[in-house]
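With compact mmCIF, C-alpha atoms inside, this is target_24.txt:
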# COMPACT_ATOMS: atom_id res chain seq x y z
CA MET A 1 20.82 -6.72 -19.08
CA VAL A 2 22.73 -7.74 -15.99
CA TRP A 3 24.48 -4.89 -14.21
CA ARG A 4 28.00 -4.76 -12.75
CA ARG A 5 28.67 -4.14 -9.07
CA ASP A 6 30.61 -0.97 -9.73
CA GLN A 7 27.49 0.48 -11.36
CA ILE A 8 25.55 0.24 -8.11
CA GLY A 9 25.42 3.02 -5.50
CA PHE A 10 23.66 3.26 -2.14
CA ARG A 11 22.12 6.22 -0.33
CA LEU A 12 20.38 6.05 3.03
CA ARG A 13 16.88 7.57 3.06
CA GLU A 14 17.09 8.92 6.58
CA GLU A 15 13.50 10.19 6.65
CA PHE A 16 12.40 6.57 6.17
CA CYS A 17 14.70 5.03 8.75
CA ALA A 18 13.30 4.59 12.26
CA GLY A 19 13.65 1.92 14.91
CA ASP A 20 14.50 -1.33 13.17
CA ILE A 21 13.50 -0.09 9.71
CA VAL A 22 16.12 1.00 7.19
CA THR A 23 15.37 2.38 3.73
CA LEU A 24 18.02 2.47 1.03
CA LYS A 25 17.96 4.19 -2.30
CA VAL A 26 19.88 1.97 -4.70
CA LEU A 27 21.27 3.73 -7.76
CA THR A 28 21.43 1.43 -10.78
CA PRO A 29 22.03 1.86 -14.53
CA ALA A 30 18.26 1.50 -15.06
CA GLY A 31 17.27 4.07 -12.44
CA THR A 32 16.54 4.13 -8.75
CA VAL A 33 15.39 1.16 -6.72
CA VAL A 34 14.13 1.73 -3.18
CA MET A 35 14.50 -1.04 -0.62
CA MET A 36 12.89 -0.96 2.81
CA GLY A 37 13.55 -3.69 5.35
CA GLU A 38 14.36 -4.61 8.93
CA PRO A 39 18.03 -5.64 9.01
CA GLU A 40 19.91 -7.49 11.74
CA ASP A 41 23.65 -8.12 11.96
CA VAL A 42 24.53 -11.73 12.73
CA GLY A 43 28.32 -11.64 12.75
CA ARG A 44 29.35 -10.97 9.17
CA MET A 45 25.94 -11.99 7.91
CA LEU A 46 23.18 -9.46 7.29
CA VAL A 47 19.65 -10.79 7.73
CA VAL A 48 16.95 -8.50 6.33
CA ARG A 49 13.34 -9.23 7.19
CA ARG A 50 10.03 -7.90 5.82
CA VAL A 51 11.63 -6.39 2.75
CA HIS A 52 9.75 -4.19 0.31
CA ILE A 53 11.25 -3.20 -3.02
CA HIS A 54 10.09 -0.42 -5.30
CA SER A 55 11.43 0.22 -8.76
CA GLU A 56 9.88 1.98 -11.70
CA PRO A 57 8.66 0.18 -13.61
CA LEU A 58 8.05 -2.46 -10.96
CA HIS A 59 8.91 -5.40 -13.19
CA ARG A 60 12.31 -4.12 -14.30
CA LEU A 61 14.33 -5.57 -11.40
CA GLY A 62 14.96 -9.28 -12.04
CA MET A 63 16.55 -11.87 -9.78
CA ALA A 64 19.92 -11.59 -11.55
CA ASN A 65 20.18 -7.89 -10.84
CA LEU A 66 18.89 -8.37 -7.30
CA GLY A 67 21.92 -10.64 -6.89
CA VAL A 68 24.20 -7.91 -8.23
CA ILE A 69 22.74 -5.45 -5.71
CA ALA A 70 23.31 -7.99 -2.92
CA GLN A 71 26.96 -8.47 -3.99
CA ALA A 72 27.51 -4.70 -4.16
CA LEU A 73 25.92 -4.30 -0.73
CA MET A 74 28.20 -6.94 0.82
CA GLN A 75 31.23 -5.35 -0.80
CA ARG A 76 30.27 -1.85 0.33
CA TYR A 77 29.27 -2.66 3.91
CA GLY A 78 31.66 -5.57 4.63
CA TYR A 79 29.37 -8.57 4.90
CA ASP A 80 30.07 -12.14 3.76
CA GLU A 81 26.45 -13.15 3.43
CA VAL A 82 23.06 -11.50 2.96
CA VAL A 83 19.83 -13.28 3.77
CA ILE A 84 16.53 -11.81 2.65
CA ALA A 85 14.00 -13.45 4.91
CA GLY A 86 10.38 -12.66 4.25
CA ALA A 87 10.56 -10.48 1.20
CA ARG A 88 7.12 -9.86 -0.19
CA ARG A 89 6.52 -10.39 -3.87
CA GLU A 90 4.96 -7.33 -5.42
CA SER A 91 4.46 -8.79 -8.88
CA GLY A 92 4.10 -12.09 -10.66
CA LEU A 93 1.72 -14.96 -10.09
CA ARG A 94 2.18 -15.01 -6.34
CA ALA A 95 2.05 -11.29 -5.72
CA GLY A 96 1.65 -10.49 -2.05
CA GLN A 97 3.08 -13.81 -0.90
CA PHE A 98 6.29 -14.42 1.00
CA PRO A 99 8.61 -16.61 -1.05
CA ARG A 100 11.34 -18.78 0.40
CA GLU A 101 14.35 -17.21 2.01
CA ILE A 102 16.87 -15.80 -0.46
CA ARG A 103 20.54 -16.20 0.48
CA TYR A 104 23.54 -14.59 -1.19
CA ARG A 105 27.18 -15.36 -0.38
CA ARG A 106 29.95 -12.97 -1.26
CA ARG A 107 31.94 -14.04 -4.28
CA PRO A 108 34.45 -12.43 -6.60
CA GLU A 109 33.04 -10.39 -9.42
CA PRO A 110 33.08 -12.36 -12.69
CA ALA A 111 35.63 -11.14 -15.23
CA ALA A 112 34.12 -8.80 -17.80
CA MET B 1 9.71 8.29 -4.42
CA ARG B 2 8.52 11.84 -4.91
CA GLY B 3 7.10 14.63 -2.81
CA SER B 4 7.89 13.15 0.58
CA SER B 5 7.70 16.39 2.62
CA PRO B 6 5.55 15.95 5.72
CA VAL B 7 2.08 17.48 5.66
CA LYS B 8 2.06 20.59 7.86
CA SER B 9 -1.56 20.76 8.96
CA GLY B 10 -4.68 18.66 8.84
CA THR B 11 -6.98 16.52 10.92
CA ALA B 12 -6.93 12.90 12.01
CA VAL B 13 -8.79 10.53 9.69
CA ALA B 14 -9.68 6.88 10.12
CA LEU B 15 -9.45 4.89 6.90
CA ASN B 16 -10.12 1.43 5.62
CA LEU B 17 -7.43 0.35 3.17
CA ARG B 18 -7.54 -2.53 0.74
CA PRO B 19 -5.69 -3.45 -2.45
CA ASP B 20 -7.38 -1.66 -5.33
CA ARG B 21 -8.96 -4.42 -7.41
CA GLU B 22 -9.67 -2.02 -10.25
CA GLN B 23 -5.97 -1.56 -10.92
CA PRO B 24 -4.13 -4.34 -12.71
CA GLY B 25 -0.68 -3.85 -11.21
CA PRO B 26 0.73 -4.93 -7.86
CA VAL B 27 0.56 -2.76 -4.76
CA ALA B 28 3.52 -0.35 -4.63
CA THR B 29 3.97 -0.89 -0.91
CA ILE B 30 6.75 1.63 -0.36
CA LEU B 31 4.76 4.40 -2.04
CA ALA B 32 1.75 3.56 0.13
CA ILE B 33 3.89 3.58 3.28
CA GLU B 34 5.37 6.91 2.22
CA ALA B 35 1.90 8.45 1.78
CA LEU B 36 0.99 7.45 5.34
CA VAL B 37 4.30 8.56 6.88
CA LYS B 38 3.95 11.98 5.21
CA ARG B 39 0.77 12.34 7.27
CA HIS B 40 2.63 11.62 10.50
CA LEU B 41 1.83 7.96 10.95
CA PRO B 42 4.99 6.47 12.51
CA LEU B 43 7.04 4.48 9.99
CA LEU B 44 6.71 1.14 11.78
CA ARG B 45 2.93 1.49 12.08
CA ALA B 46 2.62 2.50 8.43
CA LYS B 47 4.72 -0.48 7.32
CA ARG B 48 2.80 -2.92 9.49
CA ALA B 49 -0.53 -1.52 8.29
CA ILE B 50 0.33 -2.08 4.63
CA GLU B 51 1.72 -5.55 5.40
CA ALA B 52 -1.47 -6.40 7.30
CA MET B 53 -3.54 -5.13 4.37
CA LEU B 54 -1.74 -7.51 2.02
CA ASP B 55 -2.02 -10.40 4.49
CA ASP B 56 -5.67 -9.91 5.44
CA GLY B 57 -7.13 -8.15 2.40
CA ALA B 58 -8.02 -4.99 4.32
CA VAL B 59 -6.84 -2.92 7.26
CA PHE B 60 -8.15 -0.12 9.46
CA VAL B 61 -5.69 2.69 10.10
CA GLU B 62 -5.89 6.03 11.90
CA VAL B 63 -3.83 8.64 10.06
CA PRO B 64 -2.90 11.54 12.38
CA ARG B 65 -2.70 14.52 10.03
CA VAL B 66 -4.58 14.51 6.73
CA GLU B 67 -4.77 17.78 4.81
CA ASP B 68 -7.41 16.48 2.42
CA VAL B 69 -8.83 12.97 2.24
CA ALA B 70 -9.14 13.13 -1.55
CA THR B 71 -5.45 13.96 -1.95
CA LEU B 72 -4.41 11.09 0.30
CA ALA B 73 -6.81 8.71 -1.46
CA SER B 74 -5.36 9.77 -4.81
CA GLU B 75 -1.78 9.09 -3.64
CA LEU B 76 -2.80 5.72 -2.26
CA ARG B 77 -4.69 4.86 -5.45
CA ALA B 78 -1.53 5.57 -7.44
CA ALA B 79 0.17 3.00 -5.19
CA GLY B 80 -2.58 0.45 -5.90
CA VAL B 81 -4.43 0.94 -2.61
CA ALA B 82 -8.12 1.83 -2.29
CA ALA B 83 -8.85 4.06 0.73
CA ARG B 84 -12.24 4.84 2.20
CA PRO B 85 -13.05 6.87 5.30
CA SER B 86 -14.07 4.58 8.12
CA ILE B 87 -17.24 4.84 10.15
CA VAL B 88 -15.05 5.30 13.23
CA ARG B 89 -15.01 9.03 13.95
CA GLN B 90 -11.67 10.71 14.48
CA ALA B 91 -12.13 14.27 13.27
CA ALA B 92 -13.38 17.23 15.28
CA GLY B 93 -16.99 16.86 16.30
CA GLY B 94 -16.74 13.14 16.85
CA GLN B 95 -15.58 11.48 20.00
CA ALA B 96 -12.46 9.45 19.22
CA GLY B 97 -13.35 5.83 18.62
CA ALA B 98 -17.09 6.44 18.37
CA VAL B 99 -18.84 4.67 15.53
CA ASP B 100 -20.85 6.81 13.12
CA VAL B 101 -23.81 4.52 12.57
CA ALA B 102 -25.75 7.08 10.53
CA ALA B 103 -22.82 7.49 8.11
CA LEU B 104 -22.58 3.72 7.69
CA ARG B 105 -26.32 3.38 7.10
CA GLN B 106 -26.39 6.26 4.61
CA ARG B 107 -23.42 4.81 2.75
CA LEU B 108 -25.42 1.62 2.34
CA GLY B 109 -28.39 3.67 1.09
CA MET B 110 -30.76 2.38 3.77
CA THR B 111 -33.36 3.95 6.00
CA GLN B 112 -33.14 3.29 9.75
CA GLU B 113 -35.93 0.76 9.38
CA GLN B 114 -34.21 -1.08 6.54
CA PHE B 115 -30.85 -1.11 8.35
CA ALA B 116 -32.45 -2.45 11.53
CA ARG B 117 -34.38 -5.13 9.66
CA VAL B 118 -31.57 -6.28 7.35
CA PHE B 119 -28.95 -6.51 10.10
CA GLN B 120 -31.39 -7.74 12.75
CA ILE B 121 -30.89 -4.90 15.20
CA ALA B 122 -33.83 -3.48 17.15
CA LEU B 123 -34.96 -0.21 15.59
CA PRO B 124 -34.88 1.77 18.88
CA VAL B 125 -31.28 0.63 19.35
CA VAL B 126 -30.32 1.99 15.92
CA ARG B 127 -32.11 5.27 16.69
CA ASN B 128 -30.41 5.59 20.07
CA TRP B 129 -26.99 5.02 18.49
CA GLU B 130 -27.58 7.58 15.78
CA GLN B 131 -28.95 10.17 18.18
CA GLY B 132 -26.11 9.66 20.62
CA ARG B 133 -28.27 8.43 23.49
CA ASN B 134 -26.27 5.19 23.58
CA ARG B 135 -23.00 4.04 22.05
CA PRO B 136 -22.49 0.60 20.50
CA ASP B 137 -20.66 -1.65 22.95
CA GLY B 138 -17.57 -3.67 22.01
CA VAL B 139 -19.41 -6.54 20.33
CA ALA B 140 -21.75 -4.20 18.47
CA THR B 141 -18.77 -2.14 17.28
CA VAL B 142 -17.15 -5.27 15.87
CA MET B 143 -20.38 -6.14 14.08
CA LEU B 144 -20.72 -2.63 12.66
CA ARG B 145 -17.14 -2.78 11.42
CA MET B 146 -17.94 -6.12 9.77
CA ILE B 147 -21.03 -4.60 8.16
CA GLU B 148 -18.89 -1.71 6.95
CA ALA B 149 -16.27 -3.96 5.39
CA HIS B 150 -18.54 -6.74 4.06
CA PRO B 151 -22.21 -5.69 4.08
CA LYS B 152 -23.32 -8.30 1.55
CA GLU B 153 -21.58 -11.17 3.35
CA VAL B 154 -22.95 -10.16 6.77
CA LYS B 155 -26.46 -9.99 5.32
CA GLU B 156 -26.02 -13.45 3.77
CA LEU B 157 -24.77 -14.84 7.08
CA LEU B 158 -27.72 -13.41 8.96
CA TRP B 159 -30.29 -14.49 6.41
CA GLY B 160 -28.75 -17.78 5.36
CA GLY B 161 -27.52 -16.73 1.90

Could you render the structure as structure tokens?
Amino acid sequence: MVWRRDQIGFRLREEFCAGDIVTLKVLTPAGTVVMMGEPEDVGRMLVVRRVHIHSEPLHRLGMANLGVIAQALMQRYGYDEVVIAGARRESGLRAGQFPREIRYRRRPEPAA
Amino acid sequence: MRGSSPVKSGTAVALNLRPDREQPGPVATILAIEALVKRHLPLLRAKRAIEAMLDDGAVFVEVPRVEDVATLASELRAAGVAARPSIVRQAAGGQAGAVDVAALRQRLGMTQEQFARVFQIALPVVRNWEQGRNRPDGVATVMLRMIEAHPKEVKELLWGG
């Protein structure tokens, strides 16, 4: 099931933020997803490097819902674009590998 | 992420970490990082250690405050990481950075004579290291760390497979 943006909430995990590292707790209809990365503002674009994602169970978060989280993040924090550069796969055939860069551009929410 | 309160007391422990091959699932990297940060390893170092483990297959890390190695190993195992105390001494009674050759040899189940013969080190050298009369130099320390991580492969290299 693909979520809606208004179903997504964000909380900063301050005890796991230090230096360039930011950790967000993402509240979703399926439970909590934790994202840890090293973000950099480039104008209205957010580039996040060395991203780790944890959800329980690990396989529940698909690419479609990752896109919904990215759209909700842009809406909440005022970015036009989010680039996930160097996210590490934690499951699937190429677990542990860095896939290609993932880029999301802000777009209107599709009508329900 | 549960139980993230920092550990209040404990001793420094040097560990070798590697993905746990006995577990089918992927490494839960954030849980592993959390287990290390709870024991006062700075966040950036914990994150880089786990990333290096995934890149290289294993990593050596010095965790500043471990209340109980078994508890930490259990938390790391739950995250898909196998942890084993390193031969590098960190706790009280061992000079920081010193290599515990006797512990390595005993872990491999060898006598001093067997260890010296298999890894082509002069027996008096092994005895002097174990009895603290000499310390392994930089090159020897690297070799001992290689023996610790890959004993079978080092033996095959030395003896031609």

Quick check: residues of chain B within 12 Å of chain A, only C-alpha atoms, returned as a PyMOL selection string. chain B and resi 1-2+4-6+19+24-38+40-48+50-57+79-80

Would you kindly return, as a PDB file with C-alpha atoms, in the frame of the given file, each protein, DNA or RNA residue with an atom no farther than 8 Å from any atom of range 99-104 of chain B, considering all atoms listed in the file and excluding same-chain residues fewer than 4 positions away?
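Contents of part09.pdb, as written:
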ATOM      1  CA  ILE B  87     -17.240   4.840  10.150  1.00  0.00           C
ATOM      2  CA  VAL B  88     -15.050   5.300  13.230  1.00  0.00           C
ATOM      3  CA  ARG B  89     -15.010   9.030  13.950  1.00  0.00           C
ATOM      4  CA  LEU B 108     -25.420   1.620   2.340  1.00  0.00           C
ATOM      5  CA  VAL B 126     -30.320   1.990  15.920  1.00  0.00           C
ATOM      6  CA  TRP B 129     -26.990   5.020  18.490  1.00  0.00           C
ATOM      7  CA  GLU B 130     -27.580   7.580  15.780  1.00  0.00           C
ATOM      8  CA  ARG B 135     -23.000   4.040  22.050  1.00  0.00           C
ATOM      9  CA  PRO B 136     -22.490   0.600  20.500  1.00  0.00           C
ATOM     10  CA  THR B 141     -18.770  -2.140  17.280  1.00  0.00           C
ATOM     11  CA  LEU B 144     -20.720  -2.630  12.660  1.00  0.00           C
ATOM     12  CA  GLU B 148     -18.890  -1.710   6.950  1.00  0.00           C
TER      13      GLU B 148
END

Write out as a ChimeraX atom specification the residues lying within 7 Å of Val118 in chain B, counting only C-alpha atoms and excluding same-chain residues fewer than 3 positions away. /B:114-115,155

Give me, as an MDAnalysis selection string, all polymer residues having an atom no more than 9 Å from Glu40 in chain A, counting all atoms listed in the file and skipping those fewer than 5 positions away in the same chain. chainID A and resid 20 45:49

Would you kindly return, as an MDAnalysis selection string, each protein, DNA or RNA residue with an atom no farther than 8 Å from any atom of Val68 in chain A, considering all atoms listed in the file and excluding same-chain residues fewer than 2 positions away? chainID A and resid 2:5 64:66 70:72
